[in-house]
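Below is one structure; the comments refer to it alone.
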Amino acid sequence: MLDTREASAGAVLTVDLDAIRANYRLLRDRLGGTACAGVVKADAYGLGASRVAPALAAEGCRHFFVAHLDEAIALRPHLPDDADLFVLHGVMPGVEADCVAHRVIPVLNSLPQIDAWTGLSRSLGRRLPAILQVDTGMSRLGLSAPEMELLAADPARLDGIDLRFVMSHLACAEQQTHGMNAEQLARFREARARLPAAPGCFANSSGIFLGPDYHFDLARPGAALYGVAPVAGAPNPMRGVVRLQGRVIQVRDVEAGARVGYGGTWTAPGPARIATVSVGYADGYLRSLGNRGAAWRGGARLPVVGVVSMDTVTLDVSALGDQTLAPGSMVDLIGEHNPVDAVAEAAGTIGYEILTSLGGRYFRHYLGG
């Protein structure tokens, strides 16, 4: 029997946990002996960390990364006791003890974060685990070159820290021939040589495909787990994870010259059939997809016509001919014919933004896991 919540929902988002597990296995196998983490920040890229993380754990994943401490605290009950949970943004001043209480390991990105963590270590009388991040050219997070000089000259600042990994982040790894990849690799090796011996963590999703030189001891894929292509311009080896189906609210026939949507940005070149679908930019279907995106019904492409509204999008469904498309019918906004990366290209963005924008009004199905 159809769930009444699903029947009344404007759209249905299906998340294939078995596909996520298959993507994890592919990445882990490509890494050989290097451990493979799972990045589940931003609620597992919008797909539900409390469902995704246990699926990854079932494949043997024991290293998980989130961005914020509150994400980590919410996720901890859903992980095995032996799983490590890392916070990429480190620990904010004054809440260091919360990390210890919830068994969360910070990524230390600056000398003040290091000093606060070692201070807590001294007050507790025991070593505390942490990752140390160094900036190798992205200029976003991690120890800057001047901070590295200060730390190298005074390594005792790390006393009291159980240094689990030294890490950095690649800026251009999806472009395999970009010169910055080799530059960052050289800087990472140099930084590790100047720090106390610790395992290395360097490769993101795309970095895994740069080869063994970039793998070190732990890789931390994110987007590739969720089906986003890891290498620009190359066939995507990852399985699709999400299907977004929007529900038709109304269908109408219009004459040549009829205008559609706010601003009248699309004019029917001839008689056309227009379907209004209950998904809009409030649901994360980006406004930039107006007059550029498309939905699919079976094998028929149904272009978005007019701008995307807050709660609705309009499609030219003339290609369906006499096929019935009635209120309550579903069309695919993301799926087999229009994967996340294709939707992102039409929107002028990246798959990461498409996934993390998916809204909370969808009825959600989880498959497998």
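Residues in the structure tokens are named by chain (A, B, ... in the order shown) and by number from 1 within that chain; ligands are numbered from 1 in the order shown.
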Segment 335-359 of chain A residues near segment 233-242 of chain A within 10 Å, closest pair each, using only C-alpha atoms, as CSV:
residue,atom,partner,partner_atom,distance
A:Gly335,CA,A:Val242,CA,6.7
A:Glu336,CA,A:Gly240,CA,7.6
A:Pro339,CA,A:Gly240,CA,6.9
A:Val340,CA,A:Val242,CA,7.9
A:Asp341,CA,A:Asn236,CA,9.5
A:Leu355,CA,A:Val242,CA,8.7
> Among segment 75-251 of chain A, which residues carry a DSSP assignment of strand (DSSP E or B), reported as a PyMOL selection string?
Replying inline: chain A and resi 84-87+105-108+128-134+143+161-167+200-201+218-219+242-251
Just C-alpha atoms for this one: save the residues we selected as a PDB file, in the first residue's frame.
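After the write, part-v1.pdb holds the following:
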ATOM      1  CA  ASP A  84      37.286   7.278  14.539  1.00  0.00           C
ATOM      2  CA  LEU A  85      35.357  10.494  13.950  1.00  0.00           C
ATOM      3  CA  PHE A  86      37.285  13.565  12.785  1.00  0.00           C
ATOM      4  CA  VAL A  87      36.200  17.215  12.641  1.00  0.00           C
ATOM      5  CA  ILE A 105      39.142  13.884  17.093  1.00  0.00           C
ATOM      6  CA  PRO A 106      39.863  17.411  15.826  1.00  0.00           C
ATOM      7  CA  VAL A 107      41.862  18.359  12.769  1.00  0.00           C
ATOM      8  CA  LEU A 108      44.158  21.079  14.102  1.00  0.00           C
ATOM      9  CA  LEU A 128      44.825  13.484  23.194  1.00  0.00           C
ATOM     10  CA  PRO A 129      44.421  12.322  19.589  1.00  0.00           C
ATOM     11  CA  ALA A 130      44.413  14.817  16.716  1.00  0.00           C
ATOM     12  CA  ILE A 131      45.178  15.274  13.047  1.00  0.00           C
ATOM     13  CA  LEU A 132      47.490  18.100  12.026  1.00  0.00           C
ATOM     14  CA  GLN A 133      46.689  19.841   8.760  1.00  0.00           C
ATOM     15  CA  VAL A 134      49.253  21.775   6.739  1.00  0.00           C
ATOM     16  CA  LEU A 143      49.234  25.602   9.043  1.00  0.00           C
ATOM     17  CA  ILE A 161      49.156  15.174  21.205  1.00  0.00           C
ATOM     18  CA  ASP A 162      48.669  11.648  19.899  1.00  0.00           C
ATOM     19  CA  LEU A 163      49.307  12.588  16.273  1.00  0.00           C
ATOM     20  CA  ARG A 164      47.118  10.247  14.225  1.00  0.00           C
ATOM     21  CA  PHE A 165      47.788  11.775  10.793  1.00  0.00           C
ATOM     22  CA  VAL A 166      49.364  14.726   9.057  1.00  0.00           C
ATOM     23  CA  MET A 167      47.042  15.845   6.287  1.00  0.00           C
ATOM     24  CA  GLY A 200      49.881  10.778   5.959  1.00  0.00           C
ATOM     25  CA  CYS A 201      46.388  11.629   4.741  1.00  0.00           C
ATOM     26  CA  LEU A 218      44.603   7.206   4.564  1.00  0.00           C
ATOM     27  CA  ALA A 219      42.455   8.607   1.740  1.00  0.00           C
ATOM     28  CA  VAL A 242      20.217   9.393  -6.108  1.00  0.00           C
ATOM     29  CA  ARG A 243      16.976   9.543  -8.030  1.00  0.00           C
ATOM     30  CA  LEU A 244      14.782  12.626  -7.699  1.00  0.00           C
ATOM     31  CA  GLN A 245      11.229  12.305  -8.983  1.00  0.00           C
ATOM     32  CA  GLY A 246       8.968  15.335  -9.126  1.00  0.00           C
ATOM     33  CA  ARG A 247       5.188  15.085  -9.076  1.00  0.00           C
ATOM     34  CA  VAL A 248       3.066  16.685 -11.774  1.00  0.00           C
ATOM     35  CA  ILE A 249       0.451  19.080 -10.386  1.00  0.00           C
ATOM     36  CA  GLN A 250      -1.194  20.256 -13.580  1.00  0.00           C
ATOM     37  CA  VAL A 251      -0.973  19.813 -17.358  1.00  0.00           C
TER      38      VAL A 251
END
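Counting only C-alpha atoms, the residue from A:Ala232, A:Leu111, A:Ala74, A:Ala198 that sits nearest to Gly90 of chain A is A:Leu111.
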>> Considering only C-alpha atoms, can you say which of A:Met180, A:Val277, A:Leu286, A:Ala53 comes closest to Ala326 of chain A?
In response: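 Of A:Met180, A:Val277, A:Leu286, A:Ala53, the one nearest Ala326 of chain A, counting only C-alpha atoms, is A:Val277.
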> Between atom CA of Leu225 of chain A and atom CA of Val308 of chain A, what is the spacing in Å?
Replying inline: 28.7 Å
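Shortest atom-to-atom contact with Gly207 of chain A among A:Ala55, A:Glu174, A:Gly222, A:Tyr362: A:Glu174, counting only C-alpha atoms.
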>> My list of candidates is A:Arg51, A:Arg189, A:Arg62, A:Arg126. Which is closest to Tyr366 of chain A when distances are computed with only C-alpha atoms?
In response: A:Arg51
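Distance-wise, atom CA of Trp296 of chain A and atom CA of Ile20 of chain A end up 23.4 Å apart.
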>> Need the shell around Asp283 of chain A: protein/DNA/RNA residues with any atom at most 9 Å away, counting only C-alpha atoms. Skip same-chain ones fewer than 3 positions apart. Format as an MDAnalysis selection string?
In response: chainID A and resid 279:280 286 310:311 357:362
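You can rank A:Gly284, A:Val304, A:Asp332, A:Glu147 by their closest distance to Gly46 of chain A using only C-alpha atoms, and at the top of that list sits A:Gly284.
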>> So, with only C-alpha atoms as the atoms that count, which of A:Ala197, A:Leu47, A:Gly33, A:Val254 lies closest to Arg364 of chain A?
In response: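 For Arg364 of chain A, the nearest of the given residues is A:Leu47.
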>> I want to know what sits within 9 Å of Tyr24 of chain A, based on only C-alpha atoms, with residues of the same chain fewer than 3 positions away left out; could you give that as a list in words?
In response: Ala19, Ile20, Arg21, Leu27, Arg28, Asp29, Cys36, Ala37, Gly38, Leu56, Glu59, Cys61, Pro221, Ala224 and Leu225 of chain A
> What separation in Å, quoted to one decimal, exists between atom CA of Tyr262 of chain A and atom CA of Thr276 of chain A?
Replying inline: 13.3 Å
>> Among segment 228-348 of chain A, which ones does DSSP assign to helix (DSSP H, G or I) (computed from the backbone)? Answer as a PyMOL selection string.
In response: chain A and resi 262-264+281-283+287-289+318-320+340-347
Export of the given selection (C-alpha atoms) as a short mmCIF file (atom, residue, chain, number, x, y, z; two decimals), in the first residue's frame:
data_model
loop_
_atom_site.label_atom_id
_atom_site.label_comp_id
_atom_site.auth_asym_id
_atom_site.auth_seq_id
_atom_site.Cartn_x
_atom_site.Cartn_y
_atom_site.Cartn_z
CA TYR A 262 7.85 34.76 -14.17
CA GLY A 263 9.15 37.33 -16.58
CA GLY A 264 7.75 35.44 -19.55
CA TYR A 281 14.42 26.30 -5.75
CA ALA A 282 13.13 25.99 -2.17
CA ASP A 283 13.71 22.26 -2.64
CA ARG A 287 16.97 28.59 -10.18
CA SER A 288 19.79 28.56 -12.73
CA LEU A 289 18.17 25.48 -14.31
CA SER A 318 5.03 17.90 -25.95
CA ALA A 319 7.55 15.14 -26.77
CA LEU A 320 5.32 12.64 -24.98
CA VAL A 340 23.95 14.55 -10.84
CA ASP A 341 26.88 15.78 -12.95
CA ALA A 342 24.64 16.42 -15.98
CA VAL A 343 22.21 18.42 -13.86
CA ALA A 344 25.15 20.35 -12.43
CA GLU A 345 26.50 21.16 -15.88
CA ALA A 346 23.12 22.50 -16.95
CA ALA A 347 22.96 24.62 -13.80
#
> Which residues, written as a list of chain:residue names, have at least one atom at most 7 Å from Arg187 of chain A, with only C-alpha atoms counted and residues fewer than 4 positions away on the same chain left out?
Replying inline: A:Thr136, A:Glu183, A:Ala191
> What lies within 8 Å of Ile208 of chain A using only C-alpha atoms, ignoring chain neighbours under 4 positions off, as number ranges by chain?
Replying inline: A: 27, 30-31, 203-204, 212, 214-215, 219, 221
